[in-house]
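Text of model.cif, listed as mmCIF, C-alpha atoms and all ligand atoms; chains and numbers go by the auth columns:
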```cif
data_input
#
loop_
_atom_site.group_PDB
_atom_site.id
_atom_site.type_symbol
_atom_site.label_atom_id
_atom_site.label_comp_id
_atom_site.label_asym_id
_atom_site.label_seq_id
_atom_site.Cartn_x
_atom_site.Cartn_y
_atom_site.Cartn_z
_atom_site.B_iso_or_equiv
_atom_site.auth_seq_id
_atom_site.auth_asym_id
ATOM 1 C CA MET A 1 0.000 0.000 0.000 0.00 1 A
ATOM 2 C CA LEU A 2 1.539 3.247 -1.194 0.00 2 A
ATOM 3 C CA CYS A 3 1.887 6.087 1.314 0.00 3 A
ATOM 4 C CA ILE A 4 1.202 9.520 -0.149 0.00 4 A
ATOM 5 C CA GLY A 5 1.828 12.513 2.097 0.00 5 A
ATOM 6 C CA HIS A 6 -1.264 14.715 1.834 0.00 6 A
ATOM 7 C CA ARG A 7 -0.360 18.346 1.044 0.00 7 A
ATOM 8 C CA GLY A 8 3.108 17.269 2.222 0.00 8 A
ATOM 9 C CA ALA A 9 2.677 16.169 5.804 0.00 9 A
ATOM 10 C CA MET A 10 -0.055 18.575 6.825 0.00 10 A
ATOM 11 C CA GLY A 11 -0.598 16.895 10.179 0.00 11 A
ATOM 12 C CA HIS A 12 2.865 18.113 11.149 0.00 12 A
ATOM 13 C CA ALA A 13 3.468 21.363 9.247 0.00 13 A
ATOM 14 C CA PRO A 14 1.436 24.023 7.398 0.00 14 A
ATOM 15 C CA GLU A 15 -0.172 22.341 4.403 0.00 15 A
ATOM 16 C CA ASN A 16 1.281 22.717 0.907 0.00 16 A
ATOM 17 C CA THR A 17 4.379 24.579 2.160 0.00 17 A
ATOM 18 C CA LEU A 18 8.019 23.637 1.596 0.00 18 A
ATOM 19 C CA LYS A 19 8.186 22.856 5.321 0.00 19 A
ATOM 20 C CA SER A 20 5.354 20.366 4.905 0.00 20 A
ATOM 21 C CA ILE A 21 6.988 18.724 1.880 0.00 21 A
ATOM 22 C CA ALA A 22 10.337 18.566 3.689 0.00 22 A
ATOM 23 C CA LYS A 23 8.611 16.967 6.687 0.00 23 A
ATOM 24 C CA ALA A 24 6.979 14.336 4.464 0.00 24 A
ATOM 25 C CA LEU A 25 10.376 13.508 2.942 0.00 25 A
ATOM 26 C CA GLU A 26 12.003 13.414 6.385 0.00 26 A
ATOM 27 C CA LEU A 27 9.329 10.973 7.562 0.00 27 A
ATOM 28 C CA GLY A 28 10.113 8.770 4.576 0.00 28 A
ATOM 29 C CA ALA A 29 6.985 9.309 2.460 0.00 29 A
ATOM 30 C CA PRO A 30 7.709 7.823 -0.979 0.00 30 A
ATOM 31 C CA TRP A 31 5.090 10.141 -2.529 0.00 31 A
ATOM 32 C CA VAL A 32 3.655 13.567 -1.775 0.00 32 A
ATOM 33 C CA GLU A 33 0.518 15.275 -3.010 0.00 33 A
ATOM 34 C CA VAL A 34 0.149 19.014 -3.635 0.00 34 A
ATOM 35 C CA ASP A 35 -2.621 21.234 -4.996 0.00 35 A
ATOM 36 C CA VAL A 36 -1.895 23.705 -7.758 0.00 36 A
ATOM 37 C CA TYR A 37 -3.454 26.940 -9.109 0.00 37 A
ATOM 38 C CA PRO A 38 -2.190 28.923 -12.084 0.00 38 A
ATOM 39 C CA VAL A 39 -1.826 32.541 -10.930 0.00 39 A
ATOM 40 C CA ASP A 40 -0.146 35.524 -12.557 0.00 40 A
ATOM 41 C CA GLY A 41 2.375 33.478 -14.543 0.00 41 A
ATOM 42 C CA HIS A 42 3.175 30.980 -11.784 0.00 42 A
ATOM 43 C CA LEU A 43 1.873 27.612 -10.626 0.00 43 A
ATOM 44 C CA MET A 44 1.081 28.256 -6.971 0.00 44 A
ATOM 45 C CA VAL A 45 0.826 25.422 -4.451 0.00 45 A
ATOM 46 C CA ILE A 46 -2.222 25.995 -2.282 0.00 46 A
ATOM 47 C CA HIS A 47 -5.447 24.100 -1.631 0.00 47 A
ATOM 48 C CA ASP A 48 -8.327 26.561 -1.237 0.00 48 A
ATOM 49 C CA ASN A 49 -9.489 28.988 -3.884 0.00 49 A
ATOM 50 C CA ARG A 50 -9.537 31.645 -1.162 0.00 50 A
ATOM 51 C CA LEU A 51 -6.675 32.742 1.051 0.00 51 A
ATOM 52 C CA GLU A 52 -8.322 33.156 4.462 0.00 52 A
ATOM 53 C CA ARG A 53 -8.015 29.646 5.915 0.00 53 A
ATOM 54 C CA THR A 54 -4.327 28.983 5.310 0.00 54 A
ATOM 55 C CA THR A 55 -2.760 32.458 5.029 0.00 55 A
ATOM 56 C CA ASN A 56 -2.985 35.960 6.473 0.00 56 A
ATOM 57 C CA GLY A 57 -4.320 37.231 3.136 0.00 57 A
ATOM 58 C CA SER A 58 -7.863 37.486 1.868 0.00 58 A
ATOM 59 C CA GLY A 59 -9.741 37.034 -1.396 0.00 59 A
ATOM 60 C CA TYR A 60 -9.519 34.614 -4.285 0.00 60 A
ATOM 61 C CA VAL A 61 -6.069 33.153 -4.987 0.00 61 A
ATOM 62 C CA TRP A 62 -6.480 33.404 -8.744 0.00 62 A
ATOM 63 C CA LYS A 63 -7.258 37.134 -8.642 0.00 63 A
ATOM 64 C CA LYS A 64 -3.986 38.049 -6.951 0.00 64 A
ATOM 65 C CA THR A 65 -0.572 39.039 -8.221 0.00 65 A
ATOM 66 C CA PHE A 66 2.435 36.848 -7.605 0.00 66 A
ATOM 67 C CA SER A 67 4.041 39.534 -5.429 0.00 67 A
ATOM 68 C CA TYR A 68 0.912 39.803 -3.245 0.00 68 A
ATOM 69 C CA LEU A 69 0.800 36.032 -2.732 0.00 69 A
ATOM 70 C CA ARG A 70 4.505 35.837 -1.965 0.00 70 A
ATOM 71 C CA ALA A 71 4.234 38.435 0.770 0.00 71 A
ATOM 72 C CA LEU A 72 1.728 36.279 2.678 0.00 72 A
ATOM 73 C CA ASP A 73 2.390 34.001 5.620 0.00 73 A
ATOM 74 C CA ALA A 74 1.152 30.505 4.798 0.00 74 A
ATOM 75 C CA GLY A 75 1.810 29.357 8.388 0.00 75 A
ATOM 76 C CA GLN A 76 4.861 29.408 10.646 0.00 76 A
ATOM 77 C CA GLY A 77 6.421 32.057 8.417 0.00 77 A
ATOM 78 C CA GLU A 78 6.266 29.855 5.318 0.00 78 A
ATOM 79 C CA LYS A 79 5.468 31.317 1.912 0.00 79 A
ATOM 80 C CA ILE A 80 3.061 29.878 -0.631 0.00 80 A
ATOM 81 C CA PRO A 81 5.494 27.902 -2.783 0.00 81 A
ATOM 82 C CA THR A 82 5.523 27.497 -6.549 0.00 82 A
ATOM 83 C CA LEU A 83 5.388 24.055 -8.123 0.00 83 A
ATOM 84 C CA GLU A 84 8.948 24.595 -9.392 0.00 84 A
ATOM 85 C CA GLU A 85 10.159 25.191 -5.824 0.00 85 A
ATOM 86 C CA VAL A 86 8.428 22.039 -4.632 0.00 86 A
ATOM 87 C CA LEU A 87 10.039 20.025 -7.428 0.00 87 A
ATOM 88 C CA ASP A 88 13.457 21.515 -6.652 0.00 88 A
ATOM 89 C CA LEU A 89 13.023 20.547 -3.007 0.00 89 A
ATOM 90 C CA ILE A 90 11.922 17.005 -3.813 0.00 90 A
ATOM 91 C CA SER A 91 14.798 16.694 -6.229 0.00 91 A
ATOM 92 C CA LYS A 92 13.828 13.207 -7.444 0.00 92 A
ATOM 93 C CA ARG A 93 13.657 11.850 -3.867 0.00 93 A
ATOM 94 C CA ALA A 94 9.927 11.068 -4.018 0.00 94 A
ATOM 95 C CA GLY A 95 7.030 10.797 -6.409 0.00 95 A
ATOM 96 C CA ILE A 96 4.693 13.747 -6.720 0.00 96 A
ATOM 97 C CA ASN A 97 0.950 13.806 -7.266 0.00 97 A
ATOM 98 C CA ILE A 98 0.015 17.218 -8.666 0.00 98 A
ATOM 99 C CA GLU A 99 -3.669 17.962 -8.205 0.00 99 A
ATOM 100 C CA LEU A 100 -5.021 20.532 -10.661 0.00 100 A
ATOM 101 C CA LYS A 101 -7.577 22.783 -9.012 0.00 101 A
ATOM 102 C CA LEU A 102 -8.558 25.069 -11.899 0.00 102 A
ATOM 103 C CA PRO A 103 -9.416 24.528 -15.558 0.00 103 A
ATOM 104 C CA GLY A 104 -6.687 25.628 -17.942 0.00 104 A
ATOM 105 C CA THR A 105 -3.787 24.190 -15.903 0.00 105 A
ATOM 106 C CA ALA A 106 -3.120 21.016 -17.911 0.00 106 A
ATOM 107 C CA ALA A 107 -0.875 22.403 -20.671 0.00 107 A
ATOM 108 C CA TRP A 108 1.304 24.291 -18.238 0.00 108 A
ATOM 109 C CA VAL A 109 1.773 21.429 -15.797 0.00 109 A
ATOM 110 C CA THR A 110 2.512 19.083 -18.702 0.00 110 A
ATOM 111 C CA LYS A 111 5.279 21.443 -19.817 0.00 111 A
ATOM 112 C CA VAL A 112 6.762 21.606 -16.316 0.00 112 A
ATOM 113 C CA ILE A 113 6.815 17.810 -16.079 0.00 113 A
ATOM 114 C CA GLN A 114 8.333 17.482 -19.553 0.00 114 A
ATOM 115 C CA GLU A 115 11.143 19.846 -18.535 0.00 115 A
ATOM 116 C CA ARG A 116 11.889 17.661 -15.504 0.00 116 A
ATOM 117 C CA ILE A 117 11.803 14.499 -17.616 0.00 117 A
ATOM 118 C CA ARG A 118 14.430 16.139 -19.816 0.00 118 A
ATOM 119 C CA THR A 119 16.618 16.420 -16.717 0.00 119 A
ATOM 120 C CA HIS A 120 16.230 12.675 -16.159 0.00 120 A
ATOM 121 C CA TRP A 121 13.312 12.534 -13.744 0.00 121 A
ATOM 122 C CA ASP A 122 11.432 9.288 -14.129 0.00 122 A
ATOM 123 C CA VAL A 123 8.064 10.059 -15.714 0.00 123 A
ATOM 124 C CA LYS A 124 6.548 7.403 -13.415 0.00 124 A
ATOM 125 C CA LYS A 125 7.339 9.673 -10.461 0.00 125 A
ATOM 126 C CA PHE A 126 4.641 12.066 -11.654 0.00 126 A
ATOM 127 C CA LEU A 127 0.917 11.587 -11.296 0.00 127 A
ATOM 128 C CA VAL A 128 -1.468 14.376 -12.285 0.00 128 A
ATOM 129 C CA SER A 129 -4.950 14.296 -10.783 0.00 129 A
ATOM 130 C CA SER A 130 -8.072 16.403 -10.723 0.00 130 A
ATOM 131 C CA PHE A 131 -11.764 16.331 -9.899 0.00 131 A
ATOM 132 C CA ASN A 132 -12.050 18.083 -13.265 0.00 132 A
ATOM 133 C CA HIS A 133 -11.647 15.112 -15.589 0.00 133 A
ATOM 134 C CA HIS A 134 -11.415 17.342 -18.648 0.00 134 A
ATOM 135 C CA GLU A 135 -8.142 18.663 -17.246 0.00 135 A
ATOM 136 C CA ILE A 136 -6.515 15.274 -16.806 0.00 136 A
ATOM 137 C CA ALA A 137 -7.834 14.123 -20.177 0.00 137 A
ATOM 138 C CA ALA A 138 -6.015 17.133 -21.631 0.00 138 A
ATOM 139 C CA VAL A 139 -2.779 16.152 -19.853 0.00 139 A
ATOM 140 C CA ARG A 140 -3.025 12.701 -21.380 0.00 140 A
ATOM 141 C CA GLN A 141 -3.634 14.190 -24.786 0.00 141 A
ATOM 142 C CA PHE A 142 -0.651 16.536 -24.462 0.00 142 A
ATOM 143 C CA ASP A 143 1.658 13.740 -23.311 0.00 143 A
ATOM 144 C CA PRO A 144 0.420 10.142 -22.993 0.00 144 A
ATOM 145 C CA ARG A 145 3.551 9.220 -21.007 0.00 145 A
ATOM 146 C CA ILE A 146 2.282 11.177 -18.004 0.00 146 A
ATOM 147 C CA ARG A 147 0.088 9.154 -15.654 0.00 147 A
ATOM 148 C CA ILE A 148 -3.232 10.623 -14.661 0.00 148 A
ATOM 149 C CA GLY A 149 -5.415 9.963 -11.631 0.00 149 A
ATOM 150 C CA ALA A 150 -9.168 10.579 -11.663 0.00 150 A
ATOM 151 C CA LEU A 151 -10.442 12.085 -8.423 0.00 151 A
ATOM 152 C CA ILE A 152 -13.928 11.194 -7.315 0.00 152 A
ATOM 153 C CA ALA A 153 -16.111 11.450 -4.234 0.00 153 A
ATOM 154 C CA GLY A 154 -18.957 9.020 -4.827 0.00 154 A
ATOM 155 C CA VAL A 155 -19.865 5.676 -6.335 0.00 155 A
ATOM 156 C CA PRO A 156 -20.937 5.932 -9.993 0.00 156 A
ATOM 157 C CA LEU A 157 -23.440 3.397 -11.343 0.00 157 A
ATOM 158 C CA ASP A 158 -20.739 1.923 -13.545 0.00 158 A
ATOM 159 C CA TYR A 159 -18.109 2.164 -10.816 0.00 159 A
ATOM 160 C CA ALA A 160 -14.626 2.913 -12.210 0.00 160 A
ATOM 161 C CA ARG A 161 -15.555 2.748 -15.863 0.00 161 A
ATOM 162 C CA PHE A 162 -15.160 6.526 -16.261 0.00 162 A
ATOM 163 C CA ALA A 163 -11.516 6.251 -15.183 0.00 163 A
ATOM 164 C CA GLU A 164 -10.813 3.461 -17.631 0.00 164 A
ATOM 165 C CA ASN A 165 -12.415 5.552 -20.378 0.00 165 A
ATOM 166 C CA LEU A 166 -10.092 8.402 -19.437 0.00 166 A
ATOM 167 C CA GLY A 167 -7.050 6.167 -19.792 0.00 167 A
ATOM 168 C CA ALA A 168 -6.255 6.847 -16.147 0.00 168 A
ATOM 169 C CA TYR A 169 -3.541 5.067 -14.208 0.00 169 A
ATOM 170 C CA SER A 170 -5.426 5.424 -10.956 0.00 170 A
ATOM 171 C CA VAL A 171 -8.692 6.429 -9.414 0.00 171 A
ATOM 172 C CA HIS A 172 -8.541 8.548 -6.271 0.00 172 A
ATOM 173 C CA GLN A 173 -11.575 7.811 -4.154 0.00 173 A
ATOM 174 C CA SER A 174 -12.799 9.451 -0.972 0.00 174 A
ATOM 175 C CA ILE A 175 -12.629 7.344 2.168 0.00 175 A
ATOM 176 C CA GLU A 176 -16.307 8.221 2.670 0.00 176 A
ATOM 177 C CA PHE A 177 -17.321 6.289 -0.422 0.00 177 A
ATOM 178 C CA VAL A 178 -14.754 3.578 -1.030 0.00 178 A
ATOM 179 C CA ASN A 179 -16.176 0.077 -0.939 0.00 179 A
ATOM 180 C CA ARG A 180 -15.296 -3.417 -2.096 0.00 180 A
ATOM 181 C CA GLU A 181 -17.420 -3.284 -5.239 0.00 181 A
ATOM 182 C CA PHE A 182 -15.664 -0.129 -6.358 0.00 182 A
ATOM 183 C CA ILE A 183 -12.191 -1.484 -5.583 0.00 183 A
ATOM 184 C CA ASP A 184 -12.872 -4.802 -7.329 0.00 184 A
ATOM 185 C CA ASP A 185 -14.267 -3.054 -10.375 0.00 185 A
ATOM 186 C CA ALA A 186 -11.255 -0.705 -10.566 0.00 186 A
ATOM 187 C CA HIS A 187 -8.844 -3.611 -10.206 0.00 187 A
ATOM 188 C CA ASP A 188 -10.659 -5.562 -12.907 0.00 188 A
ATOM 189 C CA ARG A 189 -10.025 -2.570 -15.144 0.00 189 A
ATOM 190 C CA ASN A 190 -6.342 -2.544 -14.185 0.00 190 A
ATOM 191 C CA LEU A 191 -6.657 0.715 -12.269 0.00 191 A
ATOM 192 C CA LYS A 192 -4.968 1.527 -8.971 0.00 192 A
ATOM 193 C CA VAL A 193 -7.167 2.755 -6.141 0.00 193 A
ATOM 194 C CA PHE A 194 -5.745 5.517 -3.940 0.00 194 A
ATOM 195 C CA VAL A 195 -7.909 6.699 -1.062 0.00 195 A
ATOM 196 C CA TYR A 196 -8.004 10.143 0.548 0.00 196 A
ATOM 197 C CA THR A 197 -7.608 10.732 3.406 0.00 197 A
ATOM 198 C CA ALA A 198 -6.589 8.041 5.915 0.00 198 A
ATOM 199 C CA ASN A 199 -5.383 9.684 9.101 0.00 199 A
ATOM 200 C CA HIS A 200 -6.727 7.631 11.982 0.00 200 A
ATOM 201 C CA PRO A 201 -4.816 4.373 12.613 0.00 201 A
ATOM 202 C CA GLU A 202 -8.111 2.469 12.354 0.00 202 A
ATOM 203 C CA ASP A 203 -8.774 3.957 8.943 0.00 203 A
ATOM 204 C CA ILE A 204 -5.265 3.118 7.775 0.00 204 A
ATOM 205 C CA ALA A 205 -5.708 -0.501 8.899 0.00 205 A
ATOM 206 C CA ARG A 206 -9.190 -0.670 7.350 0.00 206 A
ATOM 207 C CA MET A 207 -7.925 0.592 3.974 0.00 207 A
ATOM 208 C CA HIS A 208 -5.112 -1.928 4.079 0.00 208 A
ATOM 209 C CA ALA A 209 -7.563 -4.744 4.796 0.00 209 A
ATOM 210 C CA LEU A 210 -9.784 -3.599 1.924 0.00 210 A
ATOM 211 C CA GLY A 211 -6.837 -3.965 -0.442 0.00 211 A
ATOM 212 C CA VAL A 212 -6.498 -0.400 -1.695 0.00 212 A
ATOM 213 C CA ASP A 213 -3.266 0.390 -3.532 0.00 213 A
ATOM 214 C CA GLY A 214 -2.427 3.527 -1.619 0.00 214 A
ATOM 215 C CA VAL A 215 -3.624 6.123 0.848 0.00 215 A
ATOM 216 C CA PHE A 216 -3.186 9.845 1.160 0.00 216 A
ATOM 217 C CA SER A 217 -2.442 10.770 4.745 0.00 217 A
ATOM 218 C CA ASN A 218 -1.810 13.944 6.706 0.00 218 A
ATOM 219 C CA TYR A 219 0.407 11.685 8.838 0.00 219 A
ATOM 220 C CA PRO A 220 2.596 9.633 6.505 0.00 220 A
ATOM 221 C CA ASP A 221 4.512 8.436 9.591 0.00 221 A
ATOM 222 C CA ARG A 222 1.376 6.634 10.823 0.00 222 A
ATOM 223 C CA VAL A 223 0.959 4.827 7.497 0.00 223 A
ATOM 224 C CA LEU A 224 4.621 3.878 7.353 0.00 224 A
ATOM 225 C CA SER A 225 4.714 2.611 10.911 0.00 225 A
ATOM 226 C CA PHE A 226 1.538 0.596 10.289 0.00 226 A
ATOM 227 C CA LEU A 227 3.097 -0.912 7.167 0.00 227 A
ATOM 228 C CA GLY A 228 6.332 -1.601 9.031 0.00 228 A
ATOM 229 C CA SER A 229 4.418 -3.647 11.565 0.00 229 A
ATOM 230 C CA LYS A 230 2.480 -5.631 8.957 0.00 230 A
ATOM 231 C CA PRO A 231 3.520 -8.580 6.863 0.00 231 A
ATOM 232 C CA ALA A 232 3.071 -7.952 3.129 0.00 232 A
ATOM 233 C CA ARG A 233 -0.440 -8.632 1.869 0.00 233 A
ATOM 234 C CA THR A 234 -0.959 -11.895 0.078 0.00 234 A
ATOM 235 C CA PRO A 235 -3.715 -12.630 -2.451 0.00 235 A
ATOM 236 C CA GLU A 236 -5.184 -15.068 0.118 0.00 236 A
ATOM 237 C CA GLY A 237 -5.150 -12.397 2.838 0.00 237 A
ATOM 238 C CA LEU A 238 -6.922 -9.927 0.577 0.00 238 A
ATOM 239 C CA ARG A 239 -9.536 -12.514 -0.381 0.00 239 A
ATOM 240 C CA SER A 240 -10.318 -13.220 3.250 0.00 240 A
ATOM 241 C CA ALA A 241 -10.468 -9.453 3.995 0.00 241 A
ATOM 242 C CA LYS A 242 -13.014 -9.134 1.215 0.00 242 A
ATOM 243 C CA LEU A 243 -15.104 -11.848 2.812 0.00 243 A
ATOM 244 C CA GLU A 244 -15.245 -10.130 6.197 0.00 244 A
HETATM 245 O O1 LIG B . -5.754 14.323 -3.974 0.00 301 B
HETATM 246 C C1 LIG B . -6.365 13.816 -2.819 0.00 301 B
HETATM 247 C C2 LIG B . -7.072 14.900 -2.079 0.00 301 B
HETATM 248 O O2 LIG B . -6.150 15.934 -1.853 0.00 301 B
HETATM 249 C C3 LIG B . -8.262 15.434 -2.831 0.00 301 B
HETATM 250 O O3 LIG B . -8.996 16.346 -2.108 0.00 301 B
HETATM 251 O O4 LIG B . -9.695 18.537 -1.313 0.00 301 B
HETATM 252 O O5 LIG B . -7.733 17.444 -0.255 0.00 301 B
HETATM 253 O O6 LIG B . -7.553 18.369 -2.557 0.00 301 B
HETATM 254 P P1 LIG B . -8.466 17.733 -1.534 0.00 301 B
HETATM 255 MG MG MG B . -5.519 17.664 -2.992 0.00 302 B
#
```
Please express the file's structure as structure tokens.
Ligand code: G3P
Ligand code: MG
Amino acid sequence: MLCIGHRGAMGHAPENTLKSIAKALELGAPWVEVDVYPVDGHLMVIHDNRLERTTNGSGYVWKKTFSYLRALDAGQGEKIPTLEEVLDLISKRAGINIELKLPGTAAWVTKVIQERIRTHWDVKKFLVSSFNHHEIAAVRQFDPRIRIGALIAGVPLDYARFAENLGAYSVHQSIEFVNREFIDDAHDRNLKVFVYTANHPEDIARMHALGVDGVFSNYPDRVLSFLGSKPARTPEGLRSAKLE
């Protein structure tokens, strides 16, 4: 089960900041997830479309200038980072899931990833996701080498079929909605299932027993210590978990 640090390691440091990414790496997270908005010529790493919750600024992120955003405190004196800064910090040490929050981000993010691939980053260390499936479809069209993950919060009538149709590598399902039928259907379609967000130890254990392929967690250390204490899953173990 893959451990993906949610917004870095937001249980330990201000979300989506370089401090949070550094913490996730320090804890040993093999992957980190960040949220991205295109603003004033830069790809800014922040979750909300407004500034109030995570910074000392106010208003819509996408209406601001780069210099306004950079002057803000995103928690503990951290600045809102750019995607380039996050990639420089990671420096090939972990995989990165880039979640696109606004339409019109796909071409730009594709270009950024292509530049990194040219400097010998493994394309498999990138995963671009969005709730806006048009955006990830565009990424795939721009560069079919780049893996895409379809975010969802619900159980469609035809389960994971939409993700297969998109040519997705993975489907990113909410912990509120994930169930065995959905996981089995996704696996039958050769899709990975990554679940957001597993923070409580009971949730982490429950997701592991369900056989999901990865979890996003605000506390990557909890996932890693759970995995360290568990023997690897076997097909038999997963079958019996499904029968519970
Ligand atoms: O990508 C997983 C998760 O981050 C999706 O939801 O709202 O936390 O960006 P959100
Ligand atoms: Mg996200």
May I have the centre and edge lengths, in Å to one decimal, of an axis-aligned box around the listed atoms of ligand LIG 301 (chain B) with 6 Å added to every side, as lines of an AutoDock Vina configuration file?
```
center_x = -7.7
center_y = 16.2
center_z = -2.1
size_x = 15.9
size_y = 16.7
size_z = 15.7
```
### Query
So which residues get picked by the PyMOL selection byres (((not hetatm)) within 7 of (chain B and resi 302)) here, written as a PyMOL selection string?
chain A and resi 7+33-35+47+99
### Message
Going by the chain IDs and residue numbers used in this file, which residues fall under the PyMOL selection byres (((not hetatm)) within 10 of (chain B and resi 301))? Write them as a ChimeraX atom specification.
### Response
/A:4-7,32-36,46-48,97-101,128-131,149-153,172-174,194-197,215-218
### Message
At a cut-off of 7 Å around the point (-1.3, 5.3, 9.8) (file coordinates), what residues fall inside when counting only C-alpha atoms? I'd like the answer as a ChimeraX atom specification.
### Response
/A:199-201,204,219-226
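Considering only C-alpha atoms, the residue among A:Ser67, A:Gln76, A:Ser58, A:Thr82 positioned nearest to Leu43 in chain A is A:Thr82.
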### Nearest-residue call for Gln141 in chain A, choices A:Ala106, A:Lys63, A:Leu51, A:Ile183, using all atoms listed in the file
A:Ala106
### Query
Any idea what the distance is between CA of Pro103 in chain A and CA of Leu127 in chain A?
17.1 Å
#### Entry: Picked residues, the PyMOL selection byres (((chain A and resi 144) around 12) and not hetatm), expected as a count of residues only
22
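Minimum distance to Val171 in chain A across A:Leu227, A:Leu157, A:Leu18, A:Ala186 (counting all atoms listed in the file) occurs at A:Ala186.
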### Message
Considering only C-alpha atoms, can you say which of A:Gly59, A:Gly154, A:Gly214, A:Gly11 comes closest to Pro30 in chain A?
### Response
A:Gly214
For Pro38 in chain A: contacts at 8 Å, all atoms listed in the file, fewer than 3 positions along chain excluded, given as an mmCIF file with C-alpha atoms, in the coordinates of the input:
```cif
data_model
loop_
_atom_site.group_PDB
_atom_site.id
_atom_site.type_symbol
_atom_site.label_atom_id
_atom_site.label_comp_id
_atom_site.auth_asym_id
_atom_site.auth_seq_id
_atom_site.Cartn_x
_atom_site.Cartn_y
_atom_site.Cartn_z
ATOM 1 C CA GLY A 41 2.375 33.478 -14.543
ATOM 2 C CA HIS A 42 3.175 30.980 -11.784
ATOM 3 C CA LEU A 43 1.873 27.612 -10.626
ATOM 4 C CA MET A 44 1.081 28.256 -6.971
ATOM 5 C CA TRP A 62 -6.480 33.404 -8.744
ATOM 6 C CA LEU A 102 -8.558 25.069 -11.899
ATOM 7 C CA THR A 105 -3.787 24.190 -15.903
#
```
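A straight line drawn from CA of Gly211 in chain A to CA of Ser170 in chain A is 14.2 Å long.
Across the model, the gap from CA of Gly75 in chain A to CA of Pro14 in chain A is 5.4 Å.
Distance check against Phe126 in chain A using only C-alpha atoms: of A:Trp31, A:Tyr159, A:Asn190, A:Phe177, the minimum falls on A:Trp31.
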### Query
Closest to Lys79 in chain A among A:Asn16, A:His133, A:Arg116, A:Glu52, using only C-alpha atoms?
A:Asn16
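The list of residues with at least one atom within 8 Å of Ala22 in chain A, based on all atoms listed in the file and without residues fewer than 3 positions apart in the same chain, reads Gly8, Leu18, Lys19, Leu25, Glu26, Leu89 and Ile90 of chain A.
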Could you please take those selected residues and save C-alpha atoms as a tab-separated table (two decimals), in the frame of the given file?
```
chain	number	residue	atom	x	y	z
A	8	GLY	CA	3.11	17.27	2.22
A	18	LEU	CA	8.02	23.64	1.60
A	19	LYS	CA	8.19	22.86	5.32
A	25	LEU	CA	10.38	13.51	2.94
A	26	GLU	CA	12.00	13.41	6.38
A	89	LEU	CA	13.02	20.55	-3.01
A	90	ILE	CA	11.92	17.00	-3.81
```
